[in-house]
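Novice: upload29.txt is reproduced below (compact mmCIF, C-alpha atoms).
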```txt
# COMPACT_ATOMS: atom_id res chain seq x y z
CA MET A 645 -25.77 -18.83 -9.86
CA PHE A 646 -26.16 -16.42 -12.77
CA THR A 647 -25.04 -13.53 -10.59
CA SER A 648 -21.81 -15.25 -9.71
CA MET A 649 -21.23 -16.26 -13.33
CA ARG A 650 -21.81 -12.69 -14.42
CA PHE A 651 -19.48 -11.50 -11.68
CA SER A 652 -16.76 -13.92 -12.79
CA PHE A 653 -17.20 -12.83 -16.37
CA ILE A 654 -16.85 -9.17 -15.42
CA CYS A 655 -13.72 -9.99 -13.43
CA PHE A 656 -12.30 -11.81 -16.44
CA ILE A 657 -12.96 -8.89 -18.79
CA ARG A 658 -11.48 -6.50 -16.25
CA SER A 659 -8.34 -8.59 -15.89
CA LEU A 660 -7.88 -8.31 -19.67
CA ARG A 661 -8.29 -4.56 -19.44
CA TYR A 662 -5.81 -4.20 -16.57
CA CYS A 663 -3.39 -6.43 -18.36
CA ALA A 664 -3.62 -4.39 -21.54
CA GLN A 665 -2.92 -1.25 -19.53
CA LEU A 666 0.10 -2.85 -17.86
CA ILE A 667 1.49 -4.03 -21.21
CA ARG A 668 1.05 -0.58 -22.70
CA GLY A 669 2.78 0.94 -19.67
CA MET A 670 5.66 -1.52 -19.88
CA ARG A 671 6.17 -0.77 -23.57
CA VAL A 672 6.36 2.95 -22.93
CA LEU A 673 8.72 2.40 -19.99
CA LYS A 674 11.04 0.22 -22.08
CA HIS A 675 11.24 2.87 -24.77
CA LEU A 676 12.33 5.55 -22.33
CA GLN A 677 15.94 6.68 -22.25
CA GLN A 678 17.69 4.49 -19.65
CA PRO A 679 18.44 4.75 -16.72
CA VAL A 680 15.10 5.70 -15.25
CA ILE A 681 14.67 7.48 -11.93
CA CYS A 682 11.35 7.40 -10.20
CA VAL A 683 10.11 10.45 -8.29
CA PHE A 684 7.36 10.27 -5.65
CA GLY A 685 5.92 13.28 -3.88
CA GLY A 686 2.86 15.12 -2.72
CA ALA A 687 0.25 16.31 -5.20
CA GLU A 688 -0.52 19.29 -2.98
CA ALA A 689 2.80 21.13 -3.34
CA GLN A 690 2.22 24.58 -4.81
CA GLN A 691 4.32 26.02 -7.60
CA GLU A 692 6.02 28.52 -5.24
CA SER A 693 6.84 25.95 -2.60
CA GLN A 694 10.35 24.81 -1.86
CA HIS A 695 9.61 21.16 -2.64
CA TYR A 696 8.22 22.02 -6.07
CA GLN A 697 11.31 24.06 -6.91
CA GLN A 698 13.61 21.34 -5.59
CA ALA A 699 11.91 18.61 -7.62
CA PHE A 700 12.00 20.79 -10.73
CA ALA A 701 15.70 21.60 -10.39
CA PHE A 702 16.62 18.02 -9.52
CA ALA A 703 14.77 16.54 -12.51
CA GLN A 704 16.27 19.16 -14.80
CA ARG A 705 19.76 18.27 -13.63
CA LEU A 706 19.17 14.55 -14.07
CA ALA A 707 17.65 15.02 -17.50
CA SER A 708 20.66 16.98 -18.68
CA LYS A 709 22.75 13.89 -17.92
CA GLY A 710 20.50 11.68 -20.01
CA VAL A 711 18.37 10.20 -17.24
CA SER A 712 14.61 9.73 -17.60
CA VAL A 713 12.13 10.68 -14.91
CA VAL A 714 8.98 8.69 -14.18
CA THR A 715 6.31 10.03 -11.82
CA GLY A 716 2.72 9.41 -10.83
CA GLY A 717 1.55 11.94 -13.40
CA GLY A 718 -0.30 14.22 -11.00
CA PRO A 719 0.04 17.82 -9.92
CA GLY A 720 2.48 19.08 -7.30
CA VAL A 721 5.87 17.44 -7.02
CA MET A 722 5.06 14.97 -9.79
CA GLN A 723 4.33 17.74 -12.26
CA ALA A 724 7.44 19.61 -11.13
CA ALA A 725 9.64 16.60 -11.80
CA ASN A 726 8.07 15.96 -15.20
CA CYS A 727 8.37 19.58 -16.29
CA GLY A 728 11.93 19.76 -15.01
CA ALA A 729 12.86 16.68 -17.00
CA ALA A 730 11.21 18.05 -20.12
CA LYS A 731 13.09 21.31 -19.72
CA GLY A 732 16.44 19.72 -18.97
CA LYS A 733 16.43 17.43 -22.00
CA PRO A 734 19.59 18.06 -24.05
CA GLN A 735 19.19 20.04 -27.27
CA GLY A 736 18.53 17.88 -30.28
CA ALA A 737 17.79 14.71 -28.30
CA THR A 738 14.98 12.71 -29.86
CA TYR A 739 14.25 10.26 -27.06
CA THR A 740 11.46 10.57 -24.48
CA ASN A 741 12.67 11.23 -20.96
CA SER A 742 9.60 12.24 -19.02
CA LEU A 743 6.69 9.93 -18.26
CA GLY A 744 3.66 10.22 -16.01
CA ILE A 745 1.66 7.16 -14.98
CA ALA A 746 -1.71 8.43 -13.79
CA VAL A 747 -4.71 6.70 -12.28
CA HIS A 748 -7.98 7.44 -14.11
CA GLY A 749 -10.01 10.06 -12.32
CA ILE A 750 -7.42 10.85 -9.64
CA ASP A 751 -4.41 12.68 -11.01
CA GLU A 752 -5.54 14.02 -14.33
CA HIS A 753 -4.85 17.71 -14.08
CA ILE A 754 -1.31 18.09 -15.26
CA GLU A 755 0.25 20.26 -17.92
CA PRO A 756 0.21 17.95 -20.93
CA ALA A 757 3.27 19.50 -22.52
CA CYS A 758 5.64 18.19 -19.85
CA ALA A 759 5.29 14.45 -20.09
CA SER A 760 3.92 11.62 -22.13
CA MET A 761 1.16 9.97 -20.12
CA VAL A 762 0.01 6.44 -19.46
CA TYR A 763 -3.36 5.88 -17.78
CA VAL A 764 -4.27 2.93 -15.59
CA ASP A 765 -7.37 2.06 -13.57
CA MET A 766 -6.03 0.93 -10.24
CA PHE A 767 -3.47 2.14 -7.76
CA PHE A 768 -1.69 -1.20 -7.63
CA GLN A 769 -1.02 -1.04 -11.37
CA ARG A 770 0.55 2.36 -10.99
CA LYS A 771 2.73 1.26 -8.09
CA TRP A 772 3.81 -1.82 -10.00
CA LEU A 773 4.67 0.10 -13.15
CA LEU A 774 6.51 2.86 -11.29
CA VAL A 775 9.02 0.51 -9.69
CA GLN A 776 9.57 -1.79 -12.69
CA GLN A 777 12.34 0.06 -14.50
CA ALA A 778 13.50 2.39 -11.75
CA ALA A 779 17.26 2.51 -11.16
CA ALA A 780 16.67 4.73 -8.11
CA VAL A 781 13.70 6.13 -6.24
CA VAL A 782 13.63 9.70 -4.96
CA VAL A 783 10.90 10.54 -2.46
CA PHE A 784 10.00 14.18 -1.91
CA PRO A 785 7.72 15.17 0.98
CA GLY A 786 4.18 14.00 0.44
CA GLY A 787 1.04 12.80 2.09
CA LEU A 788 -0.63 9.44 2.46
CA GLY A 789 -0.19 8.38 -1.16
CA THR A 790 3.54 8.99 -0.99
CA ALA A 791 3.79 7.13 2.31
CA ASP A 792 1.87 4.26 0.72
CA GLU A 793 4.32 4.03 -2.18
CA LEU A 794 7.32 4.27 0.14
CA PHE A 795 6.14 1.54 2.51
CA TYR A 796 5.05 -0.63 -0.41
CA LEU A 797 8.63 -0.55 -1.69
CA LEU A 798 10.14 -1.14 1.75
CA ASN A 799 7.83 -4.08 2.36
CA LEU A 800 8.75 -5.67 -0.98
CA TYR A 801 12.46 -5.24 -0.26
CA LYS A 802 12.00 -6.76 3.15
CA HIS A 803 10.51 -9.89 1.61
CA HIS A 804 13.01 -9.92 -1.30
CA ARG A 805 10.23 -9.57 -3.84
CA LEU A 806 12.05 -6.91 -5.83
CA PRO A 807 15.70 -6.18 -6.62
CA ARG A 808 16.91 -3.40 -4.35
CA VAL A 809 17.60 0.07 -5.70
CA PRO A 810 18.63 3.13 -3.67
CA ILE A 811 15.77 5.06 -2.06
CA LEU A 812 16.43 8.68 -1.17
CA LEU A 813 14.16 10.69 1.10
CA VAL A 814 14.67 14.38 0.39
CA ASP A 815 14.27 16.99 3.15
CA ARG A 816 15.55 15.90 6.52
CA ALA A 817 13.26 18.24 8.44
CA PHE A 818 10.20 16.53 6.96
CA TRP A 819 11.23 12.88 7.02
CA GLY A 820 13.37 13.10 10.16
CA PRO A 821 10.58 12.51 12.70
CA LEU A 822 9.24 9.54 10.74
CA VAL A 823 12.68 7.93 10.43
CA GLN A 824 13.35 8.62 14.07
CA TRP A 825 10.07 6.96 14.98
CA ILE A 826 10.98 3.91 12.88
CA LYS A 827 14.35 3.75 14.63
CA GLU A 828 13.14 4.37 18.16
CA SER A 829 9.80 2.61 18.36
CA ALA A 830 9.59 0.09 15.55
CA PHE A 831 13.24 -0.97 15.60
CA SER A 832 13.63 -1.12 19.37
CA ALA A 833 10.37 -3.06 19.72
CA GLY A 834 11.64 -5.55 17.16
CA TYR A 835 9.11 -4.92 14.40
CA VAL A 836 11.85 -3.69 12.07
CA GLN A 837 15.25 -5.34 11.80
CA ALA A 838 18.52 -3.45 11.67
CA ASP A 839 19.28 -4.20 8.04
CA TYR A 840 15.91 -2.81 6.94
CA LEU A 841 17.13 0.60 8.05
CA ASP A 842 19.72 0.56 5.25
CA PHE A 843 17.03 0.42 2.59
CA PHE A 844 16.75 4.20 2.47
CA ASP A 845 18.94 7.29 2.90
CA VAL A 846 17.75 10.65 4.15
CA VAL A 847 19.31 13.65 2.43
CA ASP A 848 18.83 17.33 2.95
CA SER A 849 19.33 18.97 -0.41
CA ILE A 850 19.20 18.00 -4.05
CA ASP A 851 22.98 18.40 -4.30
CA GLU A 852 23.41 15.81 -1.60
CA ALA A 853 20.87 13.55 -3.30
CA TYR A 854 22.75 13.90 -6.57
CA GLU A 855 26.03 12.99 -4.91
CA VAL A 856 24.57 9.90 -3.28
CA LEU A 857 23.04 8.81 -6.59
CA ALA A 858 26.23 9.46 -8.54
CA LYS A 859 28.08 7.09 -6.21
CA GLN A 860 25.66 4.26 -6.89
CA MET A 861 24.89 4.64 -10.58
CA PRO A 862 26.64 6.06 -13.65
CA ILE A 863 25.24 9.55 -14.12
CA MET B 1030 12.85 -10.91 -32.70
CA ASN B 1031 11.44 -7.91 -30.96
CA VAL B 1032 7.90 -8.94 -31.83
CA ILE B 1033 8.48 -12.41 -30.43
CA THR B 1034 9.84 -11.03 -27.16
CA PHE B 1035 6.93 -8.64 -26.93
CA CYS B 1036 4.38 -11.42 -27.50
CA TYR B 1037 6.14 -13.66 -25.01
CA GLU B 1038 6.22 -10.94 -22.35
CA SER B 1039 2.58 -10.03 -22.98
CA ILE B 1040 1.40 -13.60 -22.74
CA ARG B 1041 3.38 -14.17 -19.57
CA LEU B 1042 1.94 -11.03 -18.00
CA TRP B 1043 -1.56 -11.98 -19.06
CA MET B 1044 -1.17 -15.44 -17.55
CA ARG B 1045 -0.02 -13.91 -14.29
CA MET B 1046 -2.98 -11.53 -14.28
CA THR B 1047 -5.39 -14.37 -14.99
CA ARG B 1048 -3.86 -16.33 -12.16
CA VAL B 1049 -4.28 -13.37 -9.81
CA SER B 1050 -7.87 -12.77 -10.83
CA VAL B 1051 -8.72 -16.44 -10.36
CA GLN B 1052 -7.14 -16.27 -6.91
CA LEU B 1053 -9.09 -13.13 -6.13
CA LEU B 1054 -12.34 -14.76 -7.23
CA TYR B 1055 -11.55 -17.72 -5.01
CA GLY B 1056 -10.84 -15.28 -2.18
CA PHE B 1057 -14.19 -13.52 -2.69
CA TRP B 1058 -15.91 -16.86 -2.54
CA ARG B 1059 -14.14 -17.90 0.66
CA ILE B 1060 -14.77 -14.57 2.35
CA SER B 1061 -18.42 -14.47 1.34
CA SER B 1062 -18.93 -17.80 3.12
CA VAL B 1063 -18.27 -16.35 6.59
CA PRO B 1064 -20.84 -14.33 8.52
CA ARG B 1065 -20.76 -10.56 8.08
CA PRO B 1066 -19.79 -8.06 9.50
CA ILE B 1067 -16.05 -8.55 9.12
CA VAL B 1068 -13.33 -6.73 11.02
CA SER B 1069 -9.67 -6.72 9.92
CA PHE B 1070 -6.64 -6.86 12.18
CA PHE B 1071 -3.26 -5.60 10.92
CA GLY B 1072 -0.15 -5.93 13.04
CA GLY B 1073 3.41 -7.12 13.31
CA ALA B 1074 4.34 -10.79 13.03
CA ARG B 1075 6.82 -10.59 15.91
CA PRO B 1076 4.95 -10.17 19.24
CA GLU B 1077 5.01 -13.28 21.42
CA ASN B 1078 2.35 -14.62 23.68
CA VAL B 1079 3.49 -12.45 26.61
CA ASP B 1080 3.48 -9.17 24.71
CA PRO B 1081 0.85 -6.72 26.00
CA TYR B 1082 -0.33 -6.00 22.45
CA PHE B 1083 -0.76 -9.72 21.86
CA ARG B 1084 -2.99 -9.94 24.96
CA LYS B 1085 -4.95 -6.90 23.80
CA ALA B 1086 -5.52 -8.30 20.33
CA LEU B 1087 -6.63 -11.57 21.88
CA ALA B 1088 -9.09 -9.90 24.24
CA LEU B 1089 -10.49 -7.65 21.56
CA SER B 1090 -10.97 -10.38 19.00
CA SER B 1091 -12.65 -12.72 21.46
CA ARG B 1092 -15.13 -9.99 22.35
CA LEU B 1093 -15.82 -9.31 18.68
CA VAL B 1094 -16.19 -12.96 17.80
CA ALA B 1095 -18.57 -13.52 20.71
CA SER B 1096 -20.86 -10.84 19.30
CA GLY B 1097 -20.93 -12.50 15.89
CA VAL B 1098 -18.26 -10.50 14.07
CA SER B 1099 -15.80 -12.38 11.89
CA VAL B 1100 -12.11 -11.60 12.11
CA LEU B 1101 -9.99 -11.23 8.98
CA THR B 1102 -6.18 -11.28 9.28
CA GLY B 1103 -3.04 -11.99 7.29
CA GLY B 1104 -3.02 -15.49 8.79
CA GLY B 1105 0.54 -15.33 10.10
CA SER B 1106 2.10 -15.22 13.55
CA GLY B 1107 2.21 -12.41 16.11
CA ILE B 1108 -0.77 -10.07 16.22
CA MET B 1109 -2.43 -12.01 13.40
CA GLU B 1110 -2.27 -15.16 15.49
CA ALA B 1111 -3.67 -13.36 18.53
CA ALA B 1112 -6.58 -12.04 16.50
CA SER B 1113 -7.35 -15.49 15.10
CA CYS B 1114 -7.02 -17.18 18.48
CA GLY B 1115 -9.64 -15.00 20.11
CA ILE B 1116 -12.21 -17.50 18.90
CA ARG B 1117 -10.65 -20.35 20.91
CA GLU B 1118 -11.75 -18.87 24.23
CA GLU B 1119 -15.33 -18.37 23.16
CA GLU B 1120 -15.90 -21.71 21.47
CA ASP B 1121 -16.97 -23.52 24.63
CA LYS B 1122 -19.08 -20.72 26.09
CA VAL B 1123 -21.23 -19.61 23.18
CA ASP B 1124 -23.37 -21.49 20.70
CA PRO B 1125 -21.17 -21.80 17.59
CA LYS B 1126 -24.05 -20.62 15.43
CA HIS B 1127 -23.76 -17.12 16.88
CA LEU B 1128 -19.99 -16.94 16.74
CA GLY B 1129 -18.01 -15.16 14.10
CA ARG B 1130 -15.27 -17.01 12.26
CA SER B 1131 -11.59 -16.29 11.73
CA ILE B 1132 -10.17 -16.07 8.23
CA GLY B 1133 -6.52 -15.72 7.26
CA ILE B 1134 -5.12 -14.67 3.90
CA GLY B 1135 -1.48 -15.61 3.46
CA VAL B 1136 1.11 -14.86 0.82
CA LYS B 1137 3.12 -17.67 -0.78
CA ASP B 1138 6.89 -18.09 -0.36
CA LEU B 1139 7.10 -16.06 2.82
CA GLY B 1140 7.80 -19.11 4.96
CA GLU B 1141 5.19 -17.89 7.41
CA GLY B 1142 2.54 -20.53 7.07
CA SER B 1143 -0.76 -20.32 8.85
CA ASN B 1144 -1.18 -20.04 12.60
CA PRO B 1145 -2.93 -22.89 14.44
CA CYS B 1146 -6.11 -20.99 15.29
CA VAL B 1147 -7.23 -19.74 11.91
CA GLN B 1148 -10.35 -21.51 10.63
CA GLU B 1149 -10.36 -20.55 7.00
CA TYR B 1150 -6.95 -20.10 5.38
CA PHE B 1151 -5.82 -19.64 1.82
CA GLU B 1152 -2.72 -18.27 0.15
CA LEU B 1153 -2.28 -15.80 -2.68
CA ASP B 1154 0.73 -15.05 -4.86
CA TYR B 1155 0.99 -11.32 -4.39
CA PHE B 1156 0.91 -8.81 -1.58
CA PHE B 1157 -1.35 -6.44 -3.45
CA ALA B 1158 -4.01 -9.13 -3.86
CA ARG B 1159 -3.94 -9.79 -0.13
CA LYS B 1160 -4.21 -6.09 0.67
CA TRP B 1161 -7.03 -5.76 -1.80
CA LEU B 1162 -9.04 -8.52 -0.13
CA LEU B 1163 -8.17 -7.33 3.39
CA THR B 1164 -9.33 -3.78 2.74
CA ARG B 1165 -12.27 -4.47 0.44
CA TYR B 1166 -14.33 -6.54 2.84
CA SER B 1167 -13.74 -5.01 6.25
CA ASP B 1168 -16.32 -2.94 8.07
CA ALA B 1169 -13.69 -1.72 10.54
CA ILE B 1170 -9.92 -2.03 10.75
CA PHE B 1171 -7.74 -2.40 13.83
CA VAL B 1172 -4.06 -1.59 13.42
CA PHE B 1173 -1.70 -2.88 16.08
CA PRO B 1174 2.00 -1.96 16.26
CA GLY B 1175 3.95 -3.42 13.39
CA GLY B 1176 6.73 -2.94 10.90
CA PHE B 1177 6.82 -2.06 7.22
CA GLY B 1178 4.15 -4.56 6.23
CA THR B 1179 1.65 -3.09 8.67
CA LEU B 1180 2.54 0.45 7.64
CA ASP B 1181 2.13 -0.51 4.01
CA GLU B 1182 -1.35 -1.88 4.67
CA LEU B 1183 -2.31 1.15 6.77
CA ALA B 1184 -1.08 3.66 4.19
CA GLU B 1185 -2.74 1.80 1.35
CA THR B 1186 -6.09 1.69 3.14
CA LEU B 1187 -5.88 5.39 3.91
CA THR B 1188 -4.99 6.24 0.31
CA LEU B 1189 -7.84 4.16 -1.07
CA ILE B 1190 -10.33 5.77 1.31
CA GLN B 1191 -8.98 9.23 0.63
CA THR B 1192 -9.39 8.82 -3.13
CA GLY B 1193 -12.83 7.24 -2.79
CA LYS B 1194 -11.84 3.83 -4.15
CA ILE B 1195 -13.28 2.04 -1.12
CA PRO B 1196 -15.99 3.23 1.32
CA VAL B 1197 -15.03 5.02 4.53
CA VAL B 1198 -14.50 2.60 7.43
CA PRO B 1199 -13.18 3.45 10.89
CA ILE B 1200 -9.47 2.76 11.28
CA ILE B 1201 -8.49 2.28 14.89
CA LEU B 1202 -4.81 2.34 15.89
CA ILE B 1203 -4.23 0.49 19.14
CA GLY B 1204 -1.26 1.46 21.29
CA SER B 1205 -0.95 5.20 21.75
CA GLU B 1206 2.62 4.91 22.99
CA TYR B 1207 3.68 3.34 19.71
CA TRP B 1208 1.57 5.38 17.31
CA GLU B 1209 1.84 8.80 18.96
CA PRO B 1210 5.17 9.78 17.30
CA PHE B 1211 3.77 8.66 13.95
CA MET B 1212 0.66 10.79 14.44
CA HIS B 1213 2.90 13.60 15.58
CA TRP B 1214 4.84 13.37 12.31
CA LEU B 1215 1.61 13.29 10.33
CA VAL B 1216 0.14 16.32 12.07
CA LYS B 1217 3.28 18.37 12.56
CA GLU B 1218 4.95 17.81 9.19
CA ALA B 1219 2.47 16.49 6.65
CA LEU B 1220 -0.57 18.45 7.83
CA HIS B 1221 1.51 21.53 8.48
CA HIS B 1222 2.92 21.48 4.94
CA GLY B 1223 -0.53 20.85 3.49
CA MET B 1224 0.37 17.36 2.24
CA VAL B 1225 -2.65 15.84 3.97
CA ASN B 1226 -5.79 17.64 5.09
CA LYS B 1227 -7.80 17.53 8.27
CA THR B 1228 -10.44 15.07 7.01
CA GLU B 1229 -7.72 12.55 6.19
CA VAL B 1230 -6.22 12.78 9.66
CA ASP B 1231 -9.72 12.35 11.11
CA LEU B 1232 -10.09 9.03 9.26
CA PHE B 1233 -8.33 7.24 12.06
CA LYS B 1234 -8.29 7.23 15.82
CA VAL B 1235 -5.61 6.24 18.30
CA THR B 1236 -6.60 4.61 21.55
CA ASP B 1237 -5.44 2.27 24.30
CA ASP B 1238 -8.89 1.65 25.64
CA LEU B 1239 -10.34 -1.62 24.34
CA ASP B 1240 -13.91 -0.72 25.33
CA GLU B 1241 -13.71 2.44 23.30
CA ALA B 1242 -12.21 0.60 20.32
CA TYR B 1243 -14.88 -2.09 20.57
CA GLY B 1244 -17.58 0.57 20.68
CA TRP B 1245 -16.35 2.32 17.53
CA ALA B 1246 -15.96 -0.91 15.62
CA CYS B 1247 -19.38 -2.17 16.66
CA ALA B 1248 -21.09 1.07 15.69
CA ALA B 1249 -19.52 0.74 12.25
CA CYS B 1250 -20.52 -2.92 11.96
CA HIS B 1251 -24.05 -2.10 13.03
CA ASP B 1252 -24.28 0.63 10.39
CA ALA B 1253 -22.95 -1.74 7.75
CA MET B 1254 -25.54 -4.37 8.64
CA GLN B 1255 -28.37 -1.82 8.58
CA ALA B 1256 -27.27 -0.49 5.20
CA LYS B 1257 -27.11 -4.00 3.80
CA LYS B 1258 -30.58 -4.87 5.11
CA SER B 1259 -32.22 -1.76 3.73
CA LYS B 1260 -30.48 -2.32 0.41
CA GLY B 1261 -31.79 -5.89 0.38
CA ARG B 1262 -35.36 -4.72 0.72
```
If you convert what's in this file into structure tokens, what do you get?
Specialist:
Amino acid sequence: MFTSMRFSFICFIRSLRYCAQLIRGMRVLKHLQQPVICVFGGAEAQQESQHYQQAFAFAQRLASKGVSVVTGGGPGVMQAANCGAAKGKPQGATYTNSLGIAVHGIDEHIEPACASMVYVDMFFQRKWLLVQQAAAVVVFPGGLGTADELFYLLNLYKHHRLPRVPILLVDRAFWGPLVQWIKESAFSAGYVQADYLDFFDVVDSIDEAYEVLAKQMPI
Amino acid sequence: MNVITFCYESIRLWMRMTRVSVQLLYGFWRISSVPRPIVSFFGGARPENVDPYFRKALALSSRLVASGVSVLTGGGSGIMEAASCGIREEEDKVDPKHLGRSIGIGVKDLGEGSNPCVQEYFELDYFFARKWLLTRYSDAIFVFPGGFGTLDELAETLTLIQTGKIPVVPIILIGSEYWEPFMHWLVKEALHHGMVNKTEVDLFKVTDDLDEAYGWACAACHDAMQAKKSKGR
């Protein structure tokens, strides 16, 4: 009896804590320069790698047009995007355009100069915050965490739980086999319907990604 | 004006969070009332009664239930229904005291509703709450072919295990024909580019053989029971 009461009490206190973190995150997100583009990608990408360079250049280009970049606040592609956005910010601009939303104890090693940071406790909070203000989502190659975020978004779109925004998968060589699998196995077996395949676009280079984005939003 | 909007938004968010945590507490209570160990089934909502994966899920879950393992699903149709219905075939043969039970956790406003076989069913407001409950309490996880929802659950479980948020449980993908290209992508692209490492790929196994799958799951359940007993002492 007392154990369960204690348990409930702890859950209650925790819900307050999570809620406070979400509110803080939302406030920071609202104060960012709009529109916001969300970048997902692997934490393992090294600084010399092609994906790191691509993410850096892409974020820099977006930032120079007055777009903010939000990432998961970790190393790899996320850091590249944040640093690119910080570098590409127009001279004399006073707004914030680079934000990292990190999970405590997971993605903490990032250059602090590149982005303002928000910390949360749980993965679901991060996923929720990342997609709240996003006007577009750009997914660079990544591992399980990236796949998790991508499928989370696709699942919410499928059930109309979230307004749709364009999703771009960068690097056709990397995402190609996965998309092909979705088309050949999942679609032909009826697990995925035809209109779900329009939720995302696969692009090969950041120029192509920029063009696709420019068609769908004013940048 | 700004302050008022901020307070209004904060209060609304807090009320939603409270609602979710009350639902989660209710879920804990419902799940803790069924016999452990618990095995989760993820899979698509589409397969019909004649689908080979449906038959497999049915056979597997009835074997598990007969050996006293409870089955946790999303409570919908398709594979989830097959997994819940496994209990129907065993009800007459085995003393109900030794049987596992079938639990379903639904999500509101999907228009899915519960399937006829599920014994304990409740609905939550959000997908993440359902995933949280599904992953937190399972001693083994079977993943049957499915669409984005299944992939979402699979990827989330793997991420949580990889980052140490939940303990390591065996994840068994059934249907090598379906999952092989996915594994191929994971090994060829993600592993090759260093996006995932070998231990993460080893977290899950692909098989078509139900005996093998049953063996892995049961070993995990057995370990879980032993650990719980020794902790209790």
Novice: So that I can see what lies close to range 760-777 of chain A, please list as a PyMOL selection string the residues with an atom at most 9 Å from it, counting only C-alpha atoms and leaving out residues fewer than 4 positions away in the same chain.
Specialist: (chain A and resi 661-662+665-666+668-670+672-674+678-683+714-717+740-749+756+781+793+796-797+806) or (chain B and resi 1157+1189+1194)
Novice: Could you list, as a ChimeraX atom specification, every residue of chain B that has an atom within 6 Å of an atom of chain A, counting only C-alpha atoms?
Specialist: /B:1043,1175-1178,1181,1184-1185,1188,1214,1218,1224-1225
Novice: Could you pull the residues within 9 Å of Gly1105 in chain B, counting all atoms listed in the file, minus those fewer than 2 positions along the same chain, as a PyMOL selection string?
Specialist: chain B and resi 1074+1102-1103+1107-1110+1133-1135+1141-1144
Novice: Quick one: of B:Gly1223, B:His1251, B:Gln1148, B:Phe1233, who's nearest to Ile1190 in chain B, counting all atoms listed in the file?
Specialist: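 Closest to Ile1190 in chain B of all the choices is B:Phe1233.
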Novice: What gap, in Å, lies between CA of Gln1052 in chain B and CA of Leu1162 in chain B?
Specialist: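 Rounded to one decimal, the two atoms are 10.5 Å apart.
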Novice: Enter the distance from CA of Glu1149 in chain B to CA of Ala1112 in chain B, in Å, rounded to one decimal.
Specialist: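 Spanning CA of Glu1149 in chain B to CA of Ala1112 in chain B is a straight-line distance of 13.3 Å.
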Novice: Calculated over all atoms listed in the file, which of the candidates B:Phe1035, B:Val1079, B:Gln1191, B:Ile1116 has the smallest distance to Lys1227 in chain B?
Specialist: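 With all atoms listed in the file as the atom set, the closest residue is B:Gln1191.
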Novice: May I have the residues within 12 Å of Ser1113 in chain B as number ranges by chain, using only C-alpha atoms and disregarding those fewer than 4 positions away in the same chain?
Specialist: B: 1068-1071, 1083, 1086-1094, 1099-1109, 1117-1119, 1129-1134, 1143-1150
Novice: In Å to one decimal, how far is CA of Lys827 in chain A from CA of Val782 in chain A?
Specialist: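 Calculated distance between CA of Val782 in chain A and CA of Lys827 in chain A is 20.5 Å.
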Novice: Choose the residue, out of A:Ala701, A:Ala778, A:Ala858, A:Cys758, that has the smallest atom-to-atom separation from Asn726 in chain A; count all atoms listed in the file.
Specialist: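 The shortest atom-to-atom distance to Asn726 in chain A comes from A:Cys758.
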Novice: May I ask which of the residues B:Tyr1166, B:Glu1229, B:Lys1217, B:Leu1202 is the closest one to Leu1187 in chain B, counting all atoms listed in the file?
Specialist: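 Of all the options, B:Glu1229 lies closest to Leu1187 in chain B.
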Novice: List every protein, DNA or RNA residue that has at least one atom no more than 12 Å from (-20.1, -2.3, 17.7) in the file's coordinates, counting only C-alpha atoms, and write the result as a PyMOL selection string.
Specialist: chain B and resi 1066-1068+1089+1092-1098+1168-1169+1199+1239-1254
Novice: Store the residues picked out above, limited to C-alpha atoms, as an mmCIF file, keeping the file's coordinate frame.
Specialist:
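Final output, result.cif:
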```
data_model
loop_
_atom_site.group_PDB
_atom_site.id
_atom_site.type_symbol
_atom_site.label_atom_id
_atom_site.label_comp_id
_atom_site.auth_asym_id
_atom_site.auth_seq_id
_atom_site.Cartn_x
_atom_site.Cartn_y
_atom_site.Cartn_z
ATOM 1 C CA PRO B 1066 -19.790 -8.060 9.500
ATOM 2 C CA ILE B 1067 -16.050 -8.550 9.120
ATOM 3 C CA VAL B 1068 -13.330 -6.730 11.020
ATOM 4 C CA LEU B 1089 -10.490 -7.650 21.560
ATOM 5 C CA ARG B 1092 -15.130 -9.990 22.350
ATOM 6 C CA LEU B 1093 -15.820 -9.310 18.680
ATOM 7 C CA VAL B 1094 -16.190 -12.960 17.800
ATOM 8 C CA ALA B 1095 -18.570 -13.520 20.710
ATOM 9 C CA SER B 1096 -20.860 -10.840 19.300
ATOM 10 C CA GLY B 1097 -20.930 -12.500 15.890
ATOM 11 C CA VAL B 1098 -18.260 -10.500 14.070
ATOM 12 C CA ASP B 1168 -16.320 -2.940 8.070
ATOM 13 C CA ALA B 1169 -13.690 -1.720 10.540
ATOM 14 C CA PRO B 1199 -13.180 3.450 10.890
ATOM 15 C CA LEU B 1239 -10.340 -1.620 24.340
ATOM 16 C CA ASP B 1240 -13.910 -0.720 25.330
ATOM 17 C CA GLU B 1241 -13.710 2.440 23.300
ATOM 18 C CA ALA B 1242 -12.210 0.600 20.320
ATOM 19 C CA TYR B 1243 -14.880 -2.090 20.570
ATOM 20 C CA GLY B 1244 -17.580 0.570 20.680
ATOM 21 C CA TRP B 1245 -16.350 2.320 17.530
ATOM 22 C CA ALA B 1246 -15.960 -0.910 15.620
ATOM 23 C CA CYS B 1247 -19.380 -2.170 16.660
ATOM 24 C CA ALA B 1248 -21.090 1.070 15.690
ATOM 25 C CA ALA B 1249 -19.520 0.740 12.250
ATOM 26 C CA CYS B 1250 -20.520 -2.920 11.960
ATOM 27 C CA HIS B 1251 -24.050 -2.100 13.030
ATOM 28 C CA ASP B 1252 -24.280 0.630 10.390
ATOM 29 C CA ALA B 1253 -22.950 -1.740 7.750
ATOM 30 C CA MET B 1254 -25.540 -4.370 8.640
#
```
